[in-house]
Structure formats: structure tokens, C-alpha cells
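Source file: query_11.cif. Holds: mmCIF, C-alpha atoms.
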```
data_final
loop_
_atom_site.label_atom_id
_atom_site.label_comp_id
_atom_site.auth_asym_id
_atom_site.auth_seq_id
_atom_site.Cartn_x
_atom_site.Cartn_y
_atom_site.Cartn_z
CA MET A 1 0.00 0.00 0.00
CA GLY A 2 3.02 2.30 0.09
CA SER A 3 3.69 4.81 2.85
CA ARG A 4 0.24 5.96 3.92
CA ILE A 5 -1.84 6.86 6.95
CA LEU A 6 -5.13 5.21 7.84
CA PHE A 7 -7.19 7.03 10.46
CA ILE A 8 -9.58 4.94 12.54
CA THR A 9 -12.36 7.23 13.70
CA GLY A 10 -15.80 6.49 15.07
CA THR A 11 -19.34 7.65 15.61
CA ASP A 12 -18.75 7.86 19.38
CA THR A 13 -16.50 6.71 22.19
CA GLY A 14 -16.36 3.01 23.10
CA VAL A 15 -17.50 1.80 19.69
CA GLY A 16 -14.61 -0.58 18.90
CA LYS A 17 -11.91 1.63 17.38
CA THR A 18 -9.13 -0.02 19.39
CA VAL A 19 -10.38 -3.51 18.57
CA LEU A 20 -10.31 -2.74 14.86
CA THR A 21 -6.95 -0.96 15.01
CA SER A 22 -5.43 -3.96 16.79
CA LEU A 23 -6.90 -6.37 14.23
CA LEU A 24 -5.58 -4.29 11.34
CA THR A 25 -2.16 -4.08 12.99
CA ARG A 26 -1.83 -7.82 13.50
CA HIS A 27 -3.15 -8.60 10.02
CA LEU A 28 -0.60 -6.32 8.34
CA ARG A 29 2.28 -7.49 10.53
CA GLU A 30 1.51 -11.12 9.70
CA ARG A 31 1.85 -10.21 6.03
CA GLY A 32 5.23 -8.56 6.45
CA VAL A 33 4.07 -4.94 6.30
CA ALA A 34 6.00 -2.48 8.48
CA VAL A 35 3.05 -1.01 10.36
CA ALA A 36 2.77 1.44 13.25
CA ALA A 37 -0.33 1.93 15.39
CA LEU A 38 -0.78 5.21 17.25
CA LYS A 39 -3.28 6.57 19.74
CA PRO A 40 -1.70 10.02 19.99
CA ILE A 41 -4.16 11.42 22.50
CA CYS A 42 -6.22 9.70 25.19
CA SER A 43 -7.88 10.51 28.48
CA GLY A 44 -9.19 8.44 31.36
CA GLY A 45 -6.46 5.80 31.20
CA ARG A 46 -4.10 4.21 28.69
CA ALA A 47 -5.79 0.85 28.16
CA ASP A 48 -6.25 1.51 24.44
CA ALA A 49 -2.60 2.45 24.02
CA ARG A 50 -1.53 -0.70 25.88
CA ALA A 51 -3.68 -2.82 23.56
CA LEU A 52 -1.98 -1.29 20.54
CA HIS A 53 1.42 -1.78 22.17
CA SER A 54 0.63 -5.47 22.55
CA SER A 55 -0.44 -5.80 18.92
CA LEU A 56 2.84 -4.23 17.77
CA ASP A 57 5.05 -6.70 19.68
CA GLY A 58 7.49 -3.98 20.73
CA ALA A 59 7.80 -2.10 17.42
CA LEU A 60 7.01 1.14 19.31
CA THR A 61 7.18 2.17 22.94
CA ILE A 62 4.00 3.05 24.81
CA ASP A 63 5.05 6.71 24.82
CA GLU A 64 5.59 6.69 21.07
CA ILE A 65 2.15 5.20 20.61
CA ASN A 66 0.51 7.60 23.06
CA PRO A 67 2.51 10.78 23.76
CA TRP A 68 -0.42 12.76 25.24
CA HIS A 69 -2.46 11.15 28.00
CA PHE A 70 -4.61 12.63 30.76
CA ARG A 71 -6.22 11.22 33.87
CA ALA A 72 -9.79 12.56 33.76
CA PRO A 73 -12.35 10.55 31.73
CA LEU A 74 -13.37 13.60 29.71
CA ALA A 75 -12.87 14.87 26.18
CA PRO A 76 -9.08 15.20 25.86
CA LEU A 77 -9.27 18.97 25.54
CA LEU A 78 -11.04 19.28 28.90
CA ALA A 79 -8.90 16.61 30.54
CA ALA A 80 -5.74 18.44 29.44
CA ARG A 81 -7.00 21.75 30.77
CA ARG A 82 -7.67 20.21 34.18
CA GLU A 83 -3.95 19.39 34.31
CA HIS A 84 -2.97 22.85 33.00
CA ARG A 85 -1.62 21.30 29.84
CA ARG A 86 -2.40 21.79 26.17
CA VAL A 87 -2.19 19.77 22.98
CA ASP A 88 -1.50 21.64 19.76
CA LEU A 89 -2.31 20.36 16.30
CA ALA A 90 1.18 21.12 14.96
CA ASN A 91 2.84 18.92 17.60
CA VAL A 92 0.52 15.99 16.94
CA LEU A 93 1.08 16.24 13.19
CA ALA A 94 4.85 16.38 13.69
CA HIS A 95 4.78 13.24 15.84
CA VAL A 96 2.69 11.23 13.38
CA ARG A 97 4.85 12.29 10.45
CA SER A 98 8.05 11.41 12.29
CA VAL A 99 6.70 7.90 12.89
CA GLN A 100 5.53 7.65 9.29
CA ARG A 101 9.10 7.96 8.05
CA ARG A 102 9.91 4.61 9.67
CA PHE A 103 6.92 2.55 8.50
CA ASP A 104 5.01 1.58 5.38
CA VAL A 105 1.60 2.08 6.99
CA VAL A 106 0.61 4.14 10.04
CA LEU A 107 -2.71 3.47 11.75
CA VAL A 108 -3.88 6.45 13.79
CA GLU A 109 -6.72 5.89 16.24
CA GLY A 110 -8.78 8.88 17.28
CA ALA A 111 -10.37 9.49 20.68
CA GLY A 112 -14.14 9.65 20.87
CA GLY A 113 -16.13 10.54 17.77
CA LEU A 114 -15.01 12.38 14.67
CA LEU A 115 -15.78 15.86 16.01
CA SER A 116 -14.75 15.33 19.65
CA SER A 117 -12.31 18.01 20.81
CA LEU A 118 -8.82 16.48 20.95
CA GLY A 119 -6.83 19.62 21.71
CA GLU A 120 -6.78 23.35 21.26
CA ASP A 121 -9.01 24.10 18.28
CA PHE A 122 -8.79 20.73 16.53
CA ASN A 123 -10.53 17.37 16.29
CA ALA A 124 -10.10 14.10 14.41
CA ARG A 125 -11.48 15.59 11.20
CA ASP A 126 -8.73 18.23 11.27
CA LEU A 127 -6.10 15.53 11.73
CA ILE A 128 -7.50 13.46 8.86
CA ILE A 129 -7.41 16.44 6.52
CA ALA A 130 -3.95 17.66 7.58
CA LEU A 131 -2.42 14.17 7.37
CA ARG A 132 -4.20 13.36 4.08
CA ALA A 133 -5.25 10.19 5.81
CA VAL A 134 -7.78 7.64 4.66
CA PRO A 135 -10.56 7.43 7.28
CA ILE A 136 -12.18 4.21 8.47
CA ILE A 137 -15.42 4.78 10.38
CA VAL A 138 -16.20 2.41 13.26
CA CYS A 139 -19.64 2.18 14.83
CA PRO A 140 -21.72 -0.13 17.05
CA ASN A 141 -24.28 -2.15 15.11
CA ARG A 142 -27.39 -1.12 17.03
CA LEU A 143 -30.56 0.91 16.68
CA GLY A 144 -29.75 4.48 15.62
CA VAL A 145 -26.43 3.73 13.96
CA VAL A 146 -27.61 4.59 10.45
CA ASN A 147 -28.17 8.20 11.46
CA HIS A 148 -24.84 8.33 13.32
CA VAL A 149 -22.91 6.91 10.36
CA LEU A 150 -24.50 9.26 7.85
CA LEU A 151 -23.84 12.28 10.07
CA THR A 152 -20.19 11.22 10.39
CA VAL A 153 -19.84 10.73 6.64
CA GLU A 154 -21.51 14.10 6.04
CA ALA A 155 -19.05 15.80 8.40
CA LEU A 156 -16.06 14.65 6.33
CA PRO A 157 -14.97 16.50 3.18
CA ARG A 158 -16.75 14.88 0.26
CA VAL A 159 -13.59 13.82 -1.56
CA ILE A 160 -12.44 12.00 1.60
CA ALA A 161 -15.81 10.60 2.63
CA ARG A 162 -16.89 9.01 -0.62
CA ARG A 163 -14.62 5.96 -0.26
CA ALA A 164 -14.37 5.73 3.54
CA PRO A 165 -15.18 2.18 4.72
CA VAL A 166 -17.73 1.78 7.50
CA VAL A 167 -17.17 -1.00 10.06
CA LEU A 168 -20.17 -2.21 12.06
CA MET A 169 -19.22 -3.91 15.32
CA SER A 170 -21.83 -6.55 16.14
CA PRO A 171 -23.38 -6.85 19.61
CA ARG A 172 -23.17 -10.00 21.71
CA ARG A 173 -26.85 -10.72 21.01
CA PRO A 174 -27.97 -9.48 17.58
CA ASP A 175 -31.47 -8.00 17.37
CA LEU A 176 -33.68 -6.90 14.50
CA ALA A 177 -31.87 -3.57 14.12
CA SER A 178 -28.39 -5.11 14.04
CA ARG A 179 -29.53 -7.71 11.51
CA THR A 180 -30.95 -5.12 9.11
CA ASN A 181 -28.58 -2.14 9.53
CA PRO A 182 -25.84 -3.53 7.24
CA GLN A 183 -28.18 -3.97 4.29
CA LEU A 184 -29.71 -0.51 4.75
CA LEU A 185 -26.32 1.19 4.96
CA ALA A 186 -25.02 -0.81 1.99
CA GLY A 187 -27.97 0.43 -0.04
CA ILE A 188 -27.11 4.03 0.82
CA LEU A 189 -23.31 3.99 0.74
CA GLY A 190 -22.59 1.02 -1.52
CA PRO A 191 -22.03 -2.61 -0.51
CA GLU A 192 -18.26 -2.40 -0.96
CA ARG A 193 -18.04 0.21 1.83
CA VAL A 194 -19.98 -1.53 4.62
CA HIS A 195 -18.31 -4.28 6.67
CA GLU A 196 -19.93 -6.18 9.55
CA PHE A 197 -17.63 -7.62 12.22
CA PRO A 198 -18.63 -10.41 14.63
CA TRP A 199 -18.75 -10.05 18.40
CA LEU A 200 -15.19 -11.02 19.35
CA SER A 201 -15.01 -11.27 23.15
CA ALA A 202 -15.94 -14.95 23.16
CA ALA A 203 -16.15 -15.69 19.45
CA GLY A 204 -13.58 -18.51 19.43
CA ALA A 205 -11.53 -19.60 16.46
CA SER A 206 -14.37 -19.36 13.94
CA GLY A 207 -15.21 -15.81 14.99
CA GLN A 208 -11.56 -14.79 14.82
CA ALA A 209 -11.24 -16.31 11.37
CA LEU A 210 -14.29 -14.36 10.21
CA ALA A 211 -12.82 -11.17 11.70
CA ASN A 212 -9.59 -11.75 9.76
CA ILE A 213 -11.58 -12.10 6.54
CA ARG A 214 -13.44 -8.88 7.32
CA VAL A 215 -10.13 -7.08 7.99
CA ARG A 216 -8.90 -8.13 4.57
CA HIS A 217 -12.10 -6.87 2.99
CA VAL A 218 -11.74 -3.49 4.71
CA LEU A 219 -8.17 -3.11 3.42
CA GLU A 220 -9.20 -4.16 -0.08
CA ALA A 221 -11.96 -1.54 -0.06
CA LEU A 222 -9.53 1.33 0.63
CA PRO A 223 -8.77 3.71 -2.23
CA ALA A 224 -5.48 3.05 -4.00
CA GLY A 225 -2.54 5.23 -3.08
#
```
Represent the structure of the file as C-alpha cells.
Amino acid sequence: MGSRILFITGTDTGVGKTVLTSLLTRHLRERGVAVAALKPICSGGRADARALHSSLDGALTIDEINPWHFRAPLAPLLAARREHRRVDLANVLAHVRSVQRRFDVVLVEGAGGLLSSLGEDFNARDLIIALRAVPIIVCPNRLGVVNHVLLTVEALPRVIARRAPVVLMSPRRPDLASRTNPQLLAGILGPERVHEFPWLSAAGASGQALANIRVRHVLEALPAG
């Protein structure tokens, strides 16, 4: 895929961005791709960064993966202000680009939803645009997700949004909404853009195998470049 940046964003917090980023990381590493996974900014703990660190098998330190972290479980902007600290867009961009020079692919995981405030006067959309990254939109497959996905797509610049894959993370117990959302979204966005992932916490070998197939499909759906 050449040297490129994929940005894993979401419709909200806690929707499965870290799960997907870890799956993508392991999939690419197993195929010999030099891949980095970053969670530049987080608040309320570093569990997501530790998960990415594990998936990288030591390719980056925890502080390289996650340079800016704050204690309060708030939007990073507010959490940083509580500690009398600030995160500037220029510094985040410089860090990601410095890592990019060492890897073929850089996965950047956002914090919260696309428009959540990450630092002083910027959000994930600003990072995607500045980095010329390819966004991947992660969302929970539940009632209401169609509206959330379409709002997220609408918030992205059209040239970026038109090929962005959408990843639906299935619930433990599928219901009528989760069974019908993929088809509805595929009819609106195109079937090649919508990918449904199984519930993975206790999915076993068959569920993991299906997830690996879905990861490949997501990567194949990305625009060339």
C-alpha cells in the first residue's frame, strides 16, 4: 500500500476503534508490512494504548504510541485543561509524520467521535485532513447507527468521505436492528463500503477467522494510493 496513513475514527467513544486498530495491525504485521499503530491522545487511562502496544510486539514504545495522556475521563481537551496542559495540532502532526518515516503504513486511532475536541481548536477531522489520511469509520451495530454513520460521513470533506469504509461492530446478542442495519447502509453507501464484524469477546476460532476475513475486505476496499 506504500507509505500511507489510515485514520480509525468512530461515531462515538467506546465503539470498537481499538479492537479494529489492533486487528488491522496484527493482520498487516503477519503479512510482512511495516506497520505502526498510534493513539496520539487519550484521556481516562491508557488501556487503548496498551492494547496497541501489545499488537505491535514492541515495534514502538507506549510513549511513542501515546505521547499525550490525561487522567480525567473527559474529552481530551477538557482533561488536558484540568492538568494545565495543552495539545496543539502542529505537535501531533509532527509526531505522526516522524513515525511515518519509519513505517510503510501508520494506523492512527482517534479518541471519541469524529468531532470530539482532541486539543486546542482541533478534532479528528482536522487531523485526517492535515495528514491526508484515509478514514475508516467504526460504529456499534445497534438501533440508531444509520443516522450516526451518515452524520459522520456528512461531516467529512466529500472527496475523503466518498470511499471511507464503514465497520459495524456486532453486539453479543444481535437484534432486528443489528440484523438489518448492514443492508440498509449498503444500499445508501454502496455494498463495498460496509463491513460487519462479529462479536469477538468470546467468538472462538471461527469468529476470529471471520474477523480476519473482514479485515482483509476493509483493506481491499480502501482507495489506492
Please list as a PyMOL selection string every residue within 10 Å of A:Cys139, counting all atoms listed in the file and excluding residues in the same chain fewer than 4 positions away. chain A and resi 9-17+113+145-146+148-149+166-170+196
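Residues surrounding stretch 54-57 of chain A within 6 Å are Ser22, Arg26, Ala51, Leu52 and Ala59 of chain A [all atoms listed in the file; sequence separation below 2 positions excluded].
Reported to one decimal place, the separation of atom CA of A:Phe122 from atom CA of A:Arg102 is 25.6 Å.
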On this structure, the PyMOL selection byres ((chain A and resi 23) around 10) would catch which residues? List them as a short mmCIF file (atom, residue, chain, number, x, y, z; two decimals) with C-alpha atoms, in the frame of the given file, sorted by chain and number.
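The resulting selection.cif:
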```
data_model
loop_
_atom_site.label_atom_id
_atom_site.label_comp_id
_atom_site.auth_asym_id
_atom_site.auth_seq_id
_atom_site.Cartn_x
_atom_site.Cartn_y
_atom_site.Cartn_z
CA LYS A 17 -11.91 1.63 17.38
CA THR A 18 -9.13 -0.02 19.39
CA VAL A 19 -10.38 -3.51 18.57
CA LEU A 20 -10.31 -2.74 14.86
CA THR A 21 -6.95 -0.96 15.01
CA SER A 22 -5.43 -3.96 16.79
CA LEU A 24 -5.58 -4.29 11.34
CA THR A 25 -2.16 -4.08 12.99
CA ARG A 26 -1.83 -7.82 13.50
CA HIS A 27 -3.15 -8.60 10.02
CA LEU A 28 -0.60 -6.32 8.34
CA ARG A 29 2.28 -7.49 10.53
CA LEU A 52 -1.98 -1.29 20.54
CA SER A 55 -0.44 -5.80 18.92
CA GLN A 208 -11.56 -14.79 14.82
CA ALA A 211 -12.82 -11.17 11.70
CA ASN A 212 -9.59 -11.75 9.76
CA ARG A 214 -13.44 -8.88 7.32
CA VAL A 215 -10.13 -7.08 7.99
#
```
What is the distance between atom CA of A:Leu156 and atom CA of A:Ala221, in Å to one decimal?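 Atom CA of A:Leu156 sits 17.9 Å away from atom CA of A:Ala221.
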Have a look at A:Leu127, A:Ile8, A:Leu150, A:Leu143 and name the one nearest to A:Asp88; count all atoms listed in the file. A:Leu127
Tell me which of A:Ile5, A:Leu107, A:Leu131, A:Ile41 sits closest to A:Ala80, counting only C-alpha atoms. A:Ile41
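The nearest approach to A:Leu185 among the residues A:Gly44, A:Glu109, A:Pro135, A:Pro165, with all atoms listed in the file taken into account, belongs to A:Pro165.
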Compile the contact shell of stretch 35-38 of chain A as a list in words: residues with an atom at most 6 Å away, counting all atoms listed in the file, same-chain residues fewer than 4 positions apart removed. Ile65, Phe103, Asp104, Val105, Val106, Leu107 and Val108 of chain A
May I ask for the distance between atom CA of A:Leu200 and atom CA of A:Val33, given in Å to one decimal place?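 Going from atom CA of A:Leu200 over to atom CA of A:Val33 covers 24.0 Å.
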Applying the PyMOL selection byres ((chain A and resi 161) around 12) to the file I just gave you, which residues come out? Please list them as number ranges by chain. A: 125, 128-129, 133-137, 149-160, 162-166, 189, 193, 222-223
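With the shown file loaded, the PyMOL selection byres ((chain A and resi 74) around 12) picks out Thr13, Ile41, Cys42, Ser43, Gly44, Gly45, His69, Phe70, Arg71, Ala72, Pro73, Ala75, Pro76, Leu77, Leu78, Ala79, Ala80, Arg81, Arg82, Glu83, Ala111, Gly112, Ser116, Ser117, Leu118 and Gly119 of chain A.
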